[in-house]
Amino acid sequence: MATIRHERLTVTTNDAVVNVRQTVREFAVDVKLSLVDQTKLITAASELARNMVVYGGGGTVLLEQVENDGHQGVRATFEDQGPGIPDVALAMRDGYTSGGGLGLGLGGAKRLVQDFELRTEVGKGTTIVITRWK
Amino acid sequence: MDRIPILRMGRFLLVTIQVDMHDRLALALQDDLTNRIVSDRAKGVLIDISSLEIVDSFMGRTLGNIAGMARILDADTVVVGMRPAVAITLVELGLSLPGVRTALTVEKGMELLRAPGEDVVNGDHPS
């Protein structure tokens, strides 16, 4: 898989989530994702960016325009140095929340993209990589 | 701080969301609308989201909260103009906006508010 271009954003406040949505949208338009796929990717990114602020104490988002076997896609990597997720299976479950939200963020975001990868270590932080392919 | 303007038309309050809402703006709208329902003695709230490119779980929850608070204050809420891509994404996300009445257009939404409790079917509504 090759990276065609990339951009890194720092996300420490709720307001920065808007910036993530707008930048993800630019990448999605460049890759010519369909309107529905754009909407799904932006919504997933919005959920994960907010999670990072609320639970991870903020972090960074790396956005990449990627290509694999002639297919282009947008990959977003959300990385924080927060408390980590002790029970990933529980956190992925719809309706579970540790922060007063709806508990749809993680499981919902996974449903909205094709590739979803989560790495977490308690006390070290969480990294989530999502990709939506054209 | 930015605020989303709330217009009054008779007994109804109208809101058109034309910016990508950050979370504080959504919460401010929730507070402002709740206060205006009481101060204006409004019987209905119409929220036009046709400009919104996405509705994530936070915004969805805020819309649900607004409808719930309005209900307790004896006002109906109708959300209008949702884009098809937004509807598809919301349901896949796991959010079907329970308790929120919707209509495709502002006109249909106003019909719903004027005839509370009745299902307005296309071309077949009491005038």
# chains A, B, ... in the order shown; residues from 1 in each chain; ligands from 1
>>> select_by_dssp(residues="chain B", states="strand (DSSP E or B)", output="JSON, numbers by chain")
{"B": [6, 7, 8, 9, 12, 13, 14, 15, 16, 44, 45, 46, 47, 48, 76, 77, 78, 79, 80, 101, 102, 103, 121, 124]}
>>> interface_residues(of="chain A", to="chain B", cutoff="10 Å", atoms="only C-alpha atoms", output="NGL selection string")
:A and (14-19 or 21-22 or 25 or 34-47 or 50 or 94-95 or 101-112)
>>> residues_around(residues="stretch 67-75 of chain A", least_positions_apart="2", cutoff="9 Å", atoms="only C-alpha atoms", output="list of chain:residue names")
A:Met1, A:Ala2, A:Thr3, A:Ile4, A:Val24, A:Phe27, A:Ala28, A:Val31, A:Lys32, A:Leu33, A:Leu41, A:Leu62, A:Leu63, A:Glu64, A:Gln65, A:Thr77, A:Asp115, A:Val129, A:Ile130, A:Thr131, A:Arg132, A:Trp133, A:Lys134
>>> closest_residue(among="B:Val15, B:Val38, B:Ala28, B:Met9", to="B:Ile72", atoms="only C-alpha atoms")
B:Val38
>>> select_by_dssp(residues="stretch 69-116 of chain A", states="helix (DSSP H, G or I)", output="ChimeraX atom specification")
/A:88-92,105-111
>>> write_last_selection(atoms="N, CA and C atoms", output="PDB file, in the first residue's frame")
ATOM      1  N   VAL A  88     -11.726  -4.232  25.507  1.00  0.00           N
ATOM      2  CA  VAL A  88     -12.059  -3.776  24.146  1.00  0.00           C
ATOM      3  C   VAL A  88     -13.409  -4.329  23.688  1.00  0.00           C
ATOM      4  N   ALA A  89     -13.670  -5.609  23.975  1.00  0.00           N
ATOM      5  CA  ALA A  89     -14.934  -6.214  23.539  1.00  0.00           C
ATOM      6  C   ALA A  89     -16.121  -5.454  24.128  1.00  0.00           C
ATOM      7  N   LEU A  90     -15.991  -5.064  25.390  1.00  0.00           N
ATOM      8  CA  LEU A  90     -17.058  -4.313  26.054  1.00  0.00           C
ATOM      9  C   LEU A  90     -17.194  -2.918  25.437  1.00  0.00           C
ATOM     10  N   ALA A  91     -16.063  -2.283  25.159  1.00  0.00           N
ATOM     11  CA  ALA A  91     -16.082  -0.919  24.609  1.00  0.00           C
ATOM     12  C   ALA A  91     -16.671  -0.886  23.201  1.00  0.00           C
ATOM     13  N   MET A  92     -16.525  -2.014  22.463  1.00  0.00           N
ATOM     14  CA  MET A  92     -17.044  -2.055  21.097  1.00  0.00           C
ATOM     15  C   MET A  92     -18.556  -2.289  21.075  1.00  0.00           C
ATOM     16  N   GLY A 105     -20.137   5.158  19.589  1.00  0.00           N
ATOM     17  CA  GLY A 105     -18.952   5.660  18.898  1.00  0.00           C
ATOM     18  C   GLY A 105     -18.083   4.596  18.265  1.00  0.00           C
ATOM     19  N   LEU A 106     -17.570   3.671  19.066  1.00  0.00           N
ATOM     20  CA  LEU A 106     -16.605   2.688  18.544  1.00  0.00           C
ATOM     21  C   LEU A 106     -17.258   1.680  17.609  1.00  0.00           C
ATOM     22  N   GLY A 107     -18.321   1.022  18.097  1.00  0.00           N
ATOM     23  CA  GLY A 107     -18.997   0.023  17.273  1.00  0.00           C
ATOM     24  C   GLY A 107     -19.588   0.658  16.036  1.00  0.00           C
ATOM     25  N   GLY A 108     -20.169   1.840  16.193  1.00  0.00           N
ATOM     26  CA  GLY A 108     -20.773   2.560  15.070  1.00  0.00           C
ATOM     27  C   GLY A 108     -19.726   2.927  14.035  1.00  0.00           C
ATOM     28  N   ALA A 109     -18.599   3.452  14.504  1.00  0.00           N
ATOM     29  CA  ALA A 109     -17.530   3.857  13.581  1.00  0.00           C
ATOM     30  C   ALA A 109     -17.038   2.648  12.789  1.00  0.00           C
ATOM     31  N   LYS A 110     -16.934   1.501  13.453  1.00  0.00           N
ATOM     32  CA  LYS A 110     -16.458   0.291  12.771  1.00  0.00           C
ATOM     33  C   LYS A 110     -17.397  -0.105  11.631  1.00  0.00           C
ATOM     34  N   ARG A 111     -18.705   0.041  11.882  1.00  0.00           N
ATOM     35  CA  ARG A 111     -19.677  -0.328  10.844  1.00  0.00           C
ATOM     36  C   ARG A 111     -19.622   0.593   9.632  1.00  0.00           C
TER      37      ARG A 111
END
>>> closest_residue(among="B:Leu13, B:Val79, B:Arg114, B:Thr105", to="B:Ser39", atoms="only C-alpha atoms")
B:Leu13
>>> atom_distance(atom1="atom CA of B:Leu33", atom2="atom CA of B:Leu112")
18.8 Å
>>> closest_residue(among="B:Gln30, B:Thr102, B:Asn35, B:Ser51", to="B:Ile66", atoms="only C-alpha atoms")
B:Gln30
>>> atom_distance(atom1="atom CA of A:Pro83", atom2="atom CA of A:Thr97")
14.9 Å
>>> residues_around(residues="A:Asp80", least_positions_apart="2", cutoff="7 Å", atoms="only C-alpha atoms", output="list of chain:residue names")
A:Met52, A:Gly56, A:Gly58, A:Gly59, A:Thr60, A:Phe78, A:Gly82, A:Gly125, A:Thr126, A:Thr127
>>> write_last_selection(atoms="C-alpha atoms", output="short mmCIF file (atom, residue, chain, number, x, y, z; two decimals), in the first residue's frame")
data_model
loop_
_atom_site.label_atom_id
_atom_site.label_comp_id
_atom_site.auth_asym_id
_atom_site.auth_seq_id
_atom_site.Cartn_x
_atom_site.Cartn_y
_atom_site.Cartn_z
CA MET A 52 -10.06 10.83 21.62
CA GLY A 56 -7.99 9.93 25.63
CA GLY A 58 -6.71 14.51 23.05
CA GLY A 59 -4.27 13.21 20.47
CA THR A 60 -3.40 13.34 16.80
CA PHE A 78 -6.32 8.28 15.65
CA GLY A 82 -4.69 8.34 27.25
CA GLY A 125 -2.90 4.92 25.02
CA THR A 126 -5.06 3.88 22.10
CA THR A 127 -4.53 3.85 18.35
#
>>> residues_around(residues="B:Ala42", least_positions_apart="3", cutoff="6 Å", atoms="only C-alpha atoms", output="list in words")
Arg11, Phe12 and Ile37 of chain B
>>> atom_distance(atom1="atom CA of B:Gly64", atom2="atom CA of B:Leu97")
6.3 Å
